[in-house]
$ cat final-v4.pdb   # PDB, N, CA and C atoms, pLDDT in the B column
MODEL        1
ATOM      1  N   MET A   1      36.919 121.024 103.238  1.00 46.00           N
ATOM      2  CA  MET A   1      36.972 122.248 102.455  1.00 46.00           C
ATOM      3  C   MET A   1      38.114 122.124 101.453  1.00 46.00           C
ATOM      4  N   THR A   2      37.840 122.524 100.254  1.00 51.00           N
ATOM      5  CA  THR A   2      38.869 122.474  99.220  1.00 51.00           C
ATOM      6  C   THR A   2      39.604 123.808  99.139  1.00 51.00           C
ATOM      7  N   GLN A   3      40.915 123.739  98.955  1.00 55.00           N
ATOM      8  CA  GLN A   3      41.743 124.937  98.861  1.00 55.00           C
ATOM      9  C   GLN A   3      41.462 125.718  97.583  1.00 55.00           C
ATOM     10  N   LEU A   4      40.867 125.058  96.599  1.00 60.00           N
ATOM     11  CA  LEU A   4      40.621 125.662  95.293  1.00 60.00           C
ATOM     12  C   LEU A   4      39.807 126.950  95.391  1.00 60.00           C
ATOM     13  N   TRP A   5      38.855 127.018  96.285  1.00 61.00           N
ATOM     14  CA  TRP A   5      37.935 128.163  96.339  1.00 61.00           C
ATOM     15  C   TRP A   5      38.407 129.277  97.254  1.00 61.00           C
ATOM     16  N   LEU A   6      39.592 129.153  97.858  1.00 68.00           N
ATOM     17  CA  LEU A   6      40.076 130.204  98.741  1.00 68.00           C
ATOM     18  C   LEU A   6      40.547 131.428  97.969  1.00 68.00           C
ATOM     19  N   ASP A   7      40.955 131.255  96.723  1.00 81.00           N
ATOM     20  CA  ASP A   7      41.486 132.358  95.933  1.00 81.00           C
ATOM     21  C   ASP A   7      40.455 132.873  94.926  1.00 81.00           C
ATOM     22  N   LEU A   8      39.221 132.903  95.296  1.00 88.00           N
ATOM     23  CA  LEU A   8      38.148 133.386  94.430  1.00 88.00           C
ATOM     24  C   LEU A   8      38.297 134.893  94.234  1.00 88.00           C
ATOM     25  N   GLN A   9      38.186 135.362  92.974  1.00 91.00           N
ATOM     26  CA  GLN A   9      38.337 136.781  92.682  1.00 91.00           C
ATOM     27  C   GLN A   9      37.209 137.270  91.793  1.00 91.00           C
ATOM     28  N   VAL A  10      36.924 138.568  91.897  1.00 93.00           N
ATOM     29  CA  VAL A  10      35.923 139.187  91.038  1.00 93.00           C
ATOM     30  C   VAL A  10      36.365 139.021  89.589  1.00 93.00           C
ATOM     31  N   GLY A  11      35.449 138.601  88.737  1.00 93.00           N
ATOM     32  CA  GLY A  11      35.755 138.380  87.327  1.00 93.00           C
ATOM     33  C   GLY A  11      35.925 136.914  86.967  1.00 93.00           C
ATOM     34  N   ASP A  12      36.125 136.048  87.978  1.00 94.00           N
ATOM     35  CA  ASP A  12      36.199 134.611  87.703  1.00 94.00           C
ATOM     36  C   ASP A  12      34.849 134.127  87.190  1.00 94.00           C
ATOM     37  N   VAL A  13      34.861 133.122  86.337  1.00 95.00           N
ATOM     38  CA  VAL A  13      33.633 132.490  85.864  1.00 95.00           C
ATOM     39  C   VAL A  13      33.651 131.061  86.385  1.00 95.00           C
ATOM     40  N   VAL A  14      32.576 130.679  87.091  1.00 94.00           N
ATOM     41  CA  VAL A  14      32.501 129.356  87.705  1.00 94.00           C
ATOM     42  C   VAL A  14      31.268 128.608  87.212  1.00 94.00           C
ATOM     43  N   ALA A  15      31.343 127.287  87.285  1.00 94.00           N
ATOM     44  CA  ALA A  15      30.205 126.429  86.968  1.00 94.00           C
ATOM     45  C   ALA A  15      29.653 125.905  88.294  1.00 94.00           C
ATOM     46  N   LEU A  16      28.341 125.956  88.460  1.00 93.00           N
ATOM     47  CA  LEU A  16      27.706 125.422  89.657  1.00 93.00           C
ATOM     48  C   LEU A  16      27.124 124.048  89.354  1.00 93.00           C
ATOM     49  N   ARG A  17      26.883 123.271  90.399  1.00 92.00           N
ATOM     50  CA  ARG A  17      26.415 121.896  90.230  1.00 92.00           C
ATOM     51  C   ARG A  17      25.026 121.807  89.613  1.00 92.00           C
ATOM     52  N   LYS A  18      24.103 122.648  90.053  1.00 91.00           N
ATOM     53  CA  LYS A  18      22.741 122.617  89.510  1.00 91.00           C
ATOM     54  C   LYS A  18      22.556 123.766  88.528  1.00 91.00           C
ATOM     55  N   PRO A  19      21.849 123.535  87.435  1.00 92.00           N
ATOM     56  CA  PRO A  19      21.613 124.644  86.495  1.00 92.00           C
ATOM     57  C   PRO A  19      20.598 125.645  87.063  1.00 92.00           C
ATOM     58  N   HIS A  20      20.734 126.888  86.647  1.00 91.00           N
ATOM     59  CA  HIS A  20      19.769 127.937  86.975  1.00 91.00           C
ATOM     60  C   HIS A  20      18.472 127.628  86.234  1.00 91.00           C
ATOM     61  N   PRO A  21      17.300 128.071  86.698  1.00 92.00           N
ATOM     62  CA  PRO A  21      16.050 127.805  85.980  1.00 92.00           C
ATOM     63  C   PRO A  21      16.056 128.245  84.508  1.00 92.00           C
ATOM     64  N   CYS A  22      16.910 129.211  84.141  1.00 93.00           N
ATOM     65  CA  CYS A  22      17.004 129.629  82.740  1.00 93.00           C
ATOM     66  C   CYS A  22      17.791 128.614  81.914  1.00 93.00           C
ATOM     67  N   GLY A  23      18.464 127.678  82.578  1.00 91.00           N
ATOM     68  CA  GLY A  23      19.251 126.664  81.883  1.00 91.00           C
ATOM     69  C   GLY A  23      20.746 126.900  81.950  1.00 91.00           C
ATOM     70  N   GLY A  24      21.168 128.061  82.431  1.00 92.00           N
ATOM     71  CA  GLY A  24      22.590 128.383  82.496  1.00 92.00           C
ATOM     72  C   GLY A  24      23.293 127.729  83.676  1.00 92.00           C
ATOM     73  N   THR A  25      24.550 127.376  83.479  1.00 91.00           N
ATOM     74  CA  THR A  25      25.348 126.803  84.569  1.00 91.00           C
ATOM     75  C   THR A  25      26.603 127.625  84.842  1.00 91.00           C
ATOM     76  N   GLU A  26      26.866 128.642  84.026  1.00 95.00           N
ATOM     77  CA  GLU A  26      28.061 129.460  84.206  1.00 95.00           C
ATOM     78  C   GLU A  26      27.699 130.791  84.846  1.00 95.00           C
ATOM     79  N   TRP A  27      28.490 131.162  85.861  1.00 95.00           N
ATOM     80  CA  TRP A  27      28.245 132.365  86.644  1.00 95.00           C
ATOM     81  C   TRP A  27      29.516 133.184  86.763  1.00 95.00           C
ATOM     82  N   GLU A  28      29.397 134.506  86.665  1.00 96.00           N
ATOM     83  CA  GLU A  28      30.532 135.399  86.869  1.00 96.00           C
ATOM     84  C   GLU A  28      30.509 135.901  88.303  1.00 96.00           C
ATOM     85  N   VAL A  29      31.664 135.895  88.965  1.00 96.00           N
ATOM     86  CA  VAL A  29      31.777 136.402  90.327  1.00 96.00           C
ATOM     87  C   VAL A  29      31.817 137.924  90.253  1.00 96.00           C
ATOM     88  N   ILE A  30      30.866 138.580  90.929  1.00 95.00           N
ATOM     89  CA  ILE A  30      30.802 140.046  90.905  1.00 95.00           C
ATOM     90  C   ILE A  30      31.082 140.657  92.274  1.00 95.00           C
ATOM     91  N   ARG A  31      31.151 139.826  93.323  1.00 93.00           N
ATOM     92  CA  ARG A  31      31.409 140.314  94.673  1.00 93.00           C
ATOM     93  C   ARG A  31      32.029 139.186  95.483  1.00 93.00           C
ATOM     94  N   VAL A  32      33.041 139.513  96.280  1.00 93.00           N
ATOM     95  CA  VAL A  32      33.671 138.523  97.157  1.00 93.00           C
ATOM     96  C   VAL A  32      33.752 139.124  98.547  1.00 93.00           C
ATOM     97  N   GLY A  33      33.291 138.391  99.515  1.00 90.00           N
ATOM     98  CA  GLY A  33      33.310 138.824 100.908  1.00 90.00           C
ATOM     99  C   GLY A  33      32.725 137.703 101.739  1.00 90.00           C
ATOM    100  N   ALA A  34      31.959 138.043 102.763  1.00 90.00           N
ATOM    101  CA  ALA A  34      31.268 137.009 103.538  1.00 90.00           C
ATOM    102  C   ALA A  34      30.275 136.285 102.639  1.00 90.00           C
ATOM    103  N   ASP A  35      29.696 137.030 101.700  1.00 94.00           N
ATOM    104  CA  ASP A  35      28.821 136.463 100.677  1.00 94.00           C
ATOM    105  C   ASP A  35      29.541 136.540  99.341  1.00 94.00           C
ATOM    106  N   VAL A  36      29.169 135.653  98.436  1.00 95.00           N
ATOM    107  CA  VAL A  36      29.725 135.682  97.080  1.00 95.00           C
ATOM    108  C   VAL A  36      28.613 136.123  96.146  1.00 95.00           C
ATOM    109  N   GLY A  37      28.842 137.215  95.430  1.00 96.00           N
ATOM    110  CA  GLY A  37      27.874 137.710  94.459  1.00 96.00           C
ATOM    111  C   GLY A  37      28.141 137.077  93.108  1.00 96.00           C
ATOM    112  N   LEU A  38      27.072 136.576  92.480  1.00 96.00           N
ATOM    113  CA  LEU A  38      27.198 135.904  91.185  1.00 96.00           C
ATOM    114  C   LEU A  38      26.203 136.491  90.198  1.00 96.00           C
ATOM    115  N   ARG A  39      26.575 136.496  88.904  1.00 96.00           N
ATOM    116  CA  ARG A  39      25.678 136.920  87.827  1.00 96.00           C
ATOM    117  C   ARG A  39      25.616 135.798  86.813  1.00 96.00           C
ATOM    118  N   CYS A  40      24.403 135.335  86.513  1.00 95.00           N
ATOM    119  CA  CYS A  40      24.206 134.273  85.530  1.00 95.00           C
ATOM    120  C   CYS A  40      24.595 134.820  84.159  1.00 95.00           C
ATOM    121  N   LEU A  41      25.441 134.093  83.449  1.00 95.00           N
ATOM    122  CA  LEU A  41      25.883 134.552  82.134  1.00 95.00           C
ATOM    123  C   LEU A  41      24.845 134.294  81.054  1.00 95.00           C
ATOM    124  N   THR A  42      23.793 133.529  81.359  1.00 94.00           N
ATOM    125  CA  THR A  42      22.742 133.258  80.378  1.00 94.00           C
ATOM    126  C   THR A  42      21.653 134.325  80.426  1.00 94.00           C
ATOM    127  N   CYS A  43      21.150 134.617  81.632  1.00 94.00           N
ATOM    128  CA  CYS A  43      20.012 135.546  81.741  1.00 94.00           C
ATOM    129  C   CYS A  43      20.345 136.852  82.450  1.00 94.00           C
ATOM    130  N   GLY A  44      21.514 136.935  83.116  1.00 94.00           N
ATOM    131  CA  GLY A  44      21.904 138.171  83.781  1.00 94.00           C
ATOM    132  C   GLY A  44      21.415 138.312  85.204  1.00 94.00           C
ATOM    133  N   ARG A  45      20.708 137.332  85.722  1.00 95.00           N
ATOM    134  CA  ARG A  45      20.182 137.380  87.089  1.00 95.00           C
ATOM    135  C   ARG A  45      21.334 137.436  88.088  1.00 95.00           C
ATOM    136  N   ARG A  46      21.210 138.250  89.140  1.00 96.00           N
ATOM    137  CA  ARG A  46      22.238 138.362  90.171  1.00 96.00           C
ATOM    138  C   ARG A  46      21.748 137.715  91.455  1.00 96.00           C
ATOM    139  N   VAL A  47      22.633 136.984  92.103  1.00 95.00           N
ATOM    140  CA  VAL A  47      22.308 136.342  93.376  1.00 95.00           C
ATOM    141  C   VAL A  47      23.481 136.509  94.335  1.00 95.00           C
ATOM    142  N   LEU A  48      23.187 136.453  95.634  1.00 96.00           N
ATOM    143  CA  LEU A  48      24.201 136.443  96.682  1.00 96.00           C
ATOM    144  C   LEU A  48      24.108 135.106  97.396  1.00 96.00           C
ATOM    145  N   LEU A  49      25.233 134.422  97.522  1.00 94.00           N
ATOM    146  CA  LEU A  49      25.276 133.157  98.254  1.00 94.00           C
ATOM    147  C   LEU A  49      26.252 133.305  99.411  1.00 94.00           C
ATOM    148  N   PRO A  50      25.869 132.817 100.592  1.00 95.00           N
ATOM    149  CA  PRO A  50      26.866 132.770 101.668  1.00 95.00           C
ATOM    150  C   PRO A  50      28.045 131.925 101.199  1.00 95.00           C
ATOM    151  N   ARG A  51      29.245 132.255 101.643  1.00 92.00           N
ATOM    152  CA  ARG A  51      30.460 131.607 101.157  1.00 92.00           C
ATOM    153  C   ARG A  51      30.418 130.088 101.343  1.00 92.00           C
ATOM    154  N   ASP A  52      29.908 129.603 102.478  1.00 92.00           N
ATOM    155  CA  ASP A  52      29.870 128.148 102.697  1.00 92.00           C
ATOM    156  C   ASP A  52      28.915 127.458 101.723  1.00 92.00           C
ATOM    157  N   LYS A  53      27.796 128.087 101.419  1.00 93.00           N
ATOM    158  CA  LYS A  53      26.856 127.513 100.449  1.00 93.00           C
ATOM    159  C   LYS A  53      27.467 127.533  99.044  1.00 93.00           C
ATOM    160  N   PHE A  54      28.201 128.614  98.729  1.00 93.00           N
ATOM    161  CA  PHE A  54      28.880 128.688  97.433  1.00 93.00           C
ATOM    162  C   PHE A  54      29.878 127.545  97.285  1.00 93.00           C
ATOM    163  N   ARG A  55      30.672 127.274  98.336  1.00 91.00           N
ATOM    164  CA  ARG A  55      31.668 126.194  98.270  1.00 91.00           C
ATOM    165  C   ARG A  55      31.021 124.850  97.981  1.00 91.00           C
ATOM    166  N   ARG A  56      29.848 124.605  98.573  1.00 91.00           N
ATOM    167  CA  ARG A  56      29.148 123.335  98.337  1.00 91.00           C
ATOM    168  C   ARG A  56      28.604 123.242  96.909  1.00 91.00           C
ATOM    169  N   ARG A  57      28.147 124.357  96.355  1.00 91.00           N
ATOM    170  CA  ARG A  57      27.505 124.338  95.035  1.00 91.00           C
ATOM    171  C   ARG A  57      28.467 124.479  93.867  1.00 91.00           C
ATOM    172  N   ALA A  58      29.648 125.025  94.116  1.00 91.00           N
ATOM    173  CA  ALA A  58      30.606 125.253  93.035  1.00 91.00           C
ATOM    174  C   ALA A  58      31.183 123.941  92.536  1.00 91.00           C
ATOM    175  N   LYS A  59      31.319 123.853  91.222  1.00 91.00           N
ATOM    176  CA  LYS A  59      31.817 122.635  90.589  1.00 91.00           C
ATOM    177  C   LYS A  59      33.233 122.833  90.048  1.00 91.00           C
ATOM    178  N   ALA A  60      33.453 123.906  89.302  1.00 90.00           N
ATOM    179  CA  ALA A  60      34.765 124.128  88.688  1.00 90.00           C
ATOM    180  C   ALA A  60      34.874 125.563  88.192  1.00 90.00           C
ATOM    181  N   TYR A  61      36.127 125.998  88.004  1.00 90.00           N
ATOM    182  CA  TYR A  61      36.360 127.263  87.331  1.00 90.00           C
ATOM    183  C   TYR A  61      36.181 127.038  85.837  1.00 90.00           C
ATOM    184  N   VAL A  62      35.461 127.931  85.163  1.00 90.00           N
ATOM    185  CA  VAL A  62      35.383 127.896  83.704  1.00 90.00           C
ATOM    186  C   VAL A  62      36.562 128.700  83.166  1.00 90.00           C
ATOM    187  N   ARG A  63      36.762 129.890  83.733  1.00 87.00           N
ATOM    188  CA  ARG A  63      37.960 130.681  83.420  1.00 87.00           C
ATOM    189  C   ARG A  63      38.209 131.625  84.589  1.00 87.00           C
ATOM    190  N   ARG A  64      39.475 131.972  84.741  1.00 86.00           N
ATOM    191  CA  ARG A  64      39.893 132.843  85.831  1.00 86.00           C
ATOM    192  C   ARG A  64      39.949 134.284  85.340  1.00 86.00           C
ATOM    193  N   ALA A  65      39.804 135.217  86.268  1.00 80.00           N
ATOM    194  CA  ALA A  65      39.929 136.636  85.949  1.00 80.00           C
ATOM    195  C   ALA A  65      41.357 136.912  85.519  1.00 80.00           C
ATOM    196  N   THR A  66      41.552 137.926  84.733  1.00 79.00           N
ATOM    197  CA  THR A  66      42.886 138.297  84.271  1.00 79.00           C
ATOM    198  C   THR A  66      43.787 138.570  85.469  1.00 79.00           C
ATOM    199  N   GLY A  67      44.958 137.971  85.440  1.00 66.00           N
ATOM    200  CA  GLY A  67      45.909 138.174  86.530  1.00 66.00           C
ATOM    201  C   GLY A  67      45.775 137.156  87.642  1.00 66.00           C
ATOM    202  N   SER A  68      44.756 136.294  87.604  1.00 52.00           N
ATOM    203  CA  SER A  68      44.596 135.255  88.615  1.00 52.00           C
ATOM    204  C   SER A  68      45.420 134.047  88.230  1.00 52.00           C
ATOM    205  N   PRO A  69      45.935 133.324  89.218  1.00 54.00           N
ATOM    206  CA  PRO A  69      46.635 132.081  88.879  1.00 54.00           C
ATOM    207  C   PRO A  69      45.626 131.047  88.386  1.00 54.00           C
ATOM    208  N   SER A  70      46.081 130.108  87.568  1.00 52.00           N
ATOM    209  CA  SER A  70      45.187 129.074  87.084  1.00 52.00           C
ATOM    210  C   SER A  70      44.832 128.125  88.220  1.00 52.00           C
ATOM    211  N   ALA A  71      43.780 127.346  88.039  1.00 49.00           N
ATOM    212  CA  ALA A  71      43.354 126.394  89.067  1.00 49.00           C
ATOM    213  C   ALA A  71      44.475 125.405  89.373  1.00 49.00           C
ATOM    214  N   GLU A  72      45.219 124.974  88.343  1.00 51.00           N
ATOM    215  CA  GLU A  72      46.306 124.031  88.558  1.00 51.00           C
ATOM    216  C   GLU A  72      47.397 124.649  89.426  1.00 51.00           C
ATOM    217  N   GLU A  73      47.694 125.948  89.208  1.00 53.00           N
ATOM    218  CA  GLU A  73      48.707 126.616  90.011  1.00 53.00           C
ATOM    219  C   GLU A  73      48.276 126.701  91.461  1.00 53.00           C
ATOM    220  N   VAL A  74      46.998 127.011  91.710  1.00 50.00           N
ATOM    221  CA  VAL A  74      46.485 127.122  93.067  1.00 50.00           C
ATOM    222  C   VAL A  74      46.528 125.770  93.757  1.00 50.00           C
ATOM    223  N   ILE A  75      46.105 124.731  93.077  1.00 47.00           N
ATOM    224  CA  ILE A  75      46.108 123.393  93.674  1.00 47.00           C
ATOM    225  C   ILE A  75      47.547 122.956  93.936  1.00 47.00           C
ATOM    226  N   GLY A  76      48.461 123.219  93.001  1.00 46.00           N
ATOM    227  CA  GLY A  76      49.860 122.830  93.148  1.00 46.00           C
ATOM    228  C   GLY A  76      50.532 123.477  94.339  1.00 46.00           C
ATOM    229  N   GLU A  77      50.158 124.710  94.685  1.00 48.00           N
ATOM    230  CA  GLU A  77      50.742 125.421  95.811  1.00 48.00           C
ATOM    231  C   GLU A  77      50.345 124.818  97.138  1.00 48.00           C
ATOM    232  N   HIS A  78      49.174 124.185  97.197  1.00 46.00           N
ATOM    233  CA  HIS A  78      48.625 123.706  98.466  1.00 46.00           C
ATOM    234  C   HIS A  78      48.750 122.207  98.652  1.00 46.00           C
ATOM    235  N   VAL A  79      49.437 121.531  97.744  1.00 43.00           N
ATOM    236  CA  VAL A  79      49.563 120.071  97.872  1.00 43.00           C
ATOM    237  C   VAL A  79      50.778 119.736  98.698  1.00 43.00           C
TER
ENDMDL
END
$ encode --input "final-v4.pdb" --output "structure tokens"
Amino acid sequence: MTQLWLDLQVGDVVALRKPHPCGGTEWEVIRVGADVGLRCLTCGRRVLLPRDKFRRRAKAYVRRATGSPSAEEVIGEHV
């Protein structure tokens, strides 16, 4: 498990490994809990992924929500 995804917050934009059928790869986090709620930024489709499945599919942060530490700061804290 990577420490990078422990600080996931509503408003973060993430890239997933496989593209959505609409062609989009960027998703906005709209819910954080046992499941992670995502909204496709290309077509607006909303999906819920269990947290473990989200961790496997997530590739990188595109941008963090306002007030969130950057990915480098999060990784630096846990090294």
$ residues_near_point --input "final-v4.pdb" --point "(16.7, 134.7, 92.5)" --cutoff "10 Å" --atoms "only C-alpha atoms" --output "number ranges by chain"
A: 20-21, 45-48
$ atom_distance --input "final-v4.pdb" --atom1 "atom C of Cys43 (chain A)" --atom2 "CA of Asp7 (chain A)"
25.5 Å
$ closest_residue --input "final-v4.pdb" --among "A:Ala15, A:Gly23, A:Phe54, A:Arg64" --to "Val36 (chain A)" --atoms "all atoms listed in the file"
A:Phe54
$ select_by_dssp --input "final-v4.pdb" --residues "region 5-72 of chain A" --states "strand (DSSP E or B)" --output "VMD selection string"
chain A and resid 13 to 16 26 to 32 35 to 40 46 to 50 58 to 63
$ write_last_selection --input "final-v4.pdb" --atoms "N, CA and C atoms" --output "PDB file, in the frame of the given file"
ATOM      1  N   VAL A  13      34.861 133.122  86.337  1.00 95.00           N
ATOM      2  CA  VAL A  13      33.633 132.490  85.864  1.00 95.00           C
ATOM      3  C   VAL A  13      33.651 131.061  86.385  1.00 95.00           C
ATOM      4  N   VAL A  14      32.576 130.679  87.091  1.00 94.00           N
ATOM      5  CA  VAL A  14      32.501 129.356  87.705  1.00 94.00           C
ATOM      6  C   VAL A  14      31.268 128.608  87.212  1.00 94.00           C
ATOM      7  N   ALA A  15      31.343 127.287  87.285  1.00 94.00           N
ATOM      8  CA  ALA A  15      30.205 126.429  86.968  1.00 94.00           C
ATOM      9  C   ALA A  15      29.653 125.905  88.294  1.00 94.00           C
ATOM     10  N   LEU A  16      28.341 125.956  88.460  1.00 93.00           N
ATOM     11  CA  LEU A  16      27.706 125.422  89.657  1.00 93.00           C
ATOM     12  C   LEU A  16      27.124 124.048  89.354  1.00 93.00           C
ATOM     13  N   GLU A  26      26.866 128.642  84.026  1.00 95.00           N
ATOM     14  CA  GLU A  26      28.061 129.460  84.206  1.00 95.00           C
ATOM     15  C   GLU A  26      27.699 130.791  84.846  1.00 95.00           C
ATOM     16  N   TRP A  27      28.490 131.162  85.861  1.00 95.00           N
ATOM     17  CA  TRP A  27      28.245 132.365  86.644  1.00 95.00           C
ATOM     18  C   TRP A  27      29.516 133.184  86.763  1.00 95.00           C
ATOM     19  N   GLU A  28      29.397 134.506  86.665  1.00 96.00           N
ATOM     20  CA  GLU A  28      30.532 135.399  86.869  1.00 96.00           C
ATOM     21  C   GLU A  28      30.509 135.901  88.303  1.00 96.00           C
ATOM     22  N   VAL A  29      31.664 135.895  88.965  1.00 96.00           N
ATOM     23  CA  VAL A  29      31.777 136.402  90.327  1.00 96.00           C
ATOM     24  C   VAL A  29      31.817 137.924  90.253  1.00 96.00           C
ATOM     25  N   ILE A  30      30.866 138.580  90.929  1.00 95.00           N
ATOM     26  CA  ILE A  30      30.802 140.046  90.905  1.00 95.00           C
ATOM     27  C   ILE A  30      31.082 140.657  92.274  1.00 95.00           C
ATOM     28  N   ARG A  31      31.151 139.826  93.323  1.00 93.00           N
ATOM     29  CA  ARG A  31      31.409 140.314  94.673  1.00 93.00           C
ATOM     30  C   ARG A  31      32.029 139.186  95.483  1.00 93.00           C
ATOM     31  N   VAL A  32      33.041 139.513  96.280  1.00 93.00           N
ATOM     32  CA  VAL A  32      33.671 138.523  97.157  1.00 93.00           C
ATOM     33  C   VAL A  32      33.752 139.124  98.547  1.00 93.00           C
ATOM     34  N   ASP A  35      29.696 137.030 101.700  1.00 94.00           N
ATOM     35  CA  ASP A  35      28.821 136.463 100.677  1.00 94.00           C
ATOM     36  C   ASP A  35      29.541 136.540  99.341  1.00 94.00           C
ATOM     37  N   VAL A  36      29.169 135.653  98.436  1.00 95.00           N
ATOM     38  CA  VAL A  36      29.725 135.682  97.080  1.00 95.00           C
ATOM     39  C   VAL A  36      28.613 136.123  96.146  1.00 95.00           C
ATOM     40  N   GLY A  37      28.842 137.215  95.430  1.00 96.00           N
ATOM     41  CA  GLY A  37      27.874 137.710  94.459  1.00 96.00           C
ATOM     42  C   GLY A  37      28.141 137.077  93.108  1.00 96.00           C
ATOM     43  N   LEU A  38      27.072 136.576  92.480  1.00 96.00           N
ATOM     44  CA  LEU A  38      27.198 135.904  91.185  1.00 96.00           C
ATOM     45  C   LEU A  38      26.203 136.491  90.198  1.00 96.00           C
ATOM     46  N   ARG A  39      26.575 136.496  88.904  1.00 96.00           N
ATOM     47  CA  ARG A  39      25.678 136.920  87.827  1.00 96.00           C
ATOM     48  C   ARG A  39      25.616 135.798  86.813  1.00 96.00           C
ATOM     49  N   CYS A  40      24.403 135.335  86.513  1.00 95.00           N
ATOM     50  CA  CYS A  40      24.206 134.273  85.530  1.00 95.00           C
ATOM     51  C   CYS A  40      24.595 134.820  84.159  1.00 95.00           C
ATOM     52  N   ARG A  46      21.210 138.250  89.140  1.00 96.00           N
ATOM     53  CA  ARG A  46      22.238 138.362  90.171  1.00 96.00           C
ATOM     54  C   ARG A  46      21.748 137.715  91.455  1.00 96.00           C
ATOM     55  N   VAL A  47      22.633 136.984  92.103  1.00 95.00           N
ATOM     56  CA  VAL A  47      22.308 136.342  93.376  1.00 95.00           C
ATOM     57  C   VAL A  47      23.481 136.509  94.335  1.00 95.00           C
ATOM     58  N   LEU A  48      23.187 136.453  95.634  1.00 96.00           N
ATOM     59  CA  LEU A  48      24.201 136.443  96.682  1.00 96.00           C
ATOM     60  C   LEU A  48      24.108 135.106  97.396  1.00 96.00           C
ATOM     61  N   LEU A  49      25.233 134.422  97.522  1.00 94.00           N
ATOM     62  CA  LEU A  49      25.276 133.157  98.254  1.00 94.00           C
ATOM     63  C   LEU A  49      26.252 133.305  99.411  1.00 94.00           C
ATOM     64  N   PRO A  50      25.869 132.817 100.592  1.00 95.00           N
ATOM     65  CA  PRO A  50      26.866 132.770 101.668  1.00 95.00           C
ATOM     66  C   PRO A  50      28.045 131.925 101.199  1.00 95.00           C
ATOM     67  N   ALA A  58      29.648 125.025  94.116  1.00 91.00           N
ATOM     68  CA  ALA A  58      30.606 125.253  93.035  1.00 91.00           C
ATOM     69  C   ALA A  58      31.183 123.941  92.536  1.00 91.00           C
ATOM     70  N   LYS A  59      31.319 123.853  91.222  1.00 91.00           N
ATOM     71  CA  LYS A  59      31.817 122.635  90.589  1.00 91.00           C
ATOM     72  C   LYS A  59      33.233 122.833  90.048  1.00 91.00           C
ATOM     73  N   ALA A  60      33.453 123.906  89.302  1.00 90.00           N
ATOM     74  CA  ALA A  60      34.765 124.128  88.688  1.00 90.00           C
ATOM     75  C   ALA A  60      34.874 125.563  88.192  1.00 90.00           C
ATOM     76  N   TYR A  61      36.127 125.998  88.004  1.00 90.00           N
ATOM     77  CA  TYR A  61      36.360 127.263  87.331  1.00 90.00           C
ATOM     78  C   TYR A  61      36.181 127.038  85.837  1.00 90.00           C
ATOM     79  N   VAL A  62      35.461 127.931  85.163  1.00 90.00           N
ATOM     80  CA  VAL A  62      35.383 127.896  83.704  1.00 90.00           C
ATOM     81  C   VAL A  62      36.562 128.700  83.166  1.00 90.00           C
ATOM     82  N   ARG A  63      36.762 129.890  83.733  1.00 87.00           N
ATOM     83  CA  ARG A  63      37.960 130.681  83.420  1.00 87.00           C
ATOM     84  C   ARG A  63      38.209 131.625  84.589  1.00 87.00           C
TER      85      ARG A  63
END
$ axis_aligned_box --input "final-v4.pdb" --around "region 23-38 of chain A" --padding-each-side "4 Å" --output "JSON"
{"center_x": 26.1, "center_y": 133.7, "center_z": 92.7, "size_x": 23.3, "size_y": 22.0, "size_z": 29.7}
$ residues_near_point --input "final-v4.pdb" --point "(37.4, 126.3, 83.5)" --cutoff "8 Å" --atoms "all atoms listed in the file" --output "count of residues only"
9
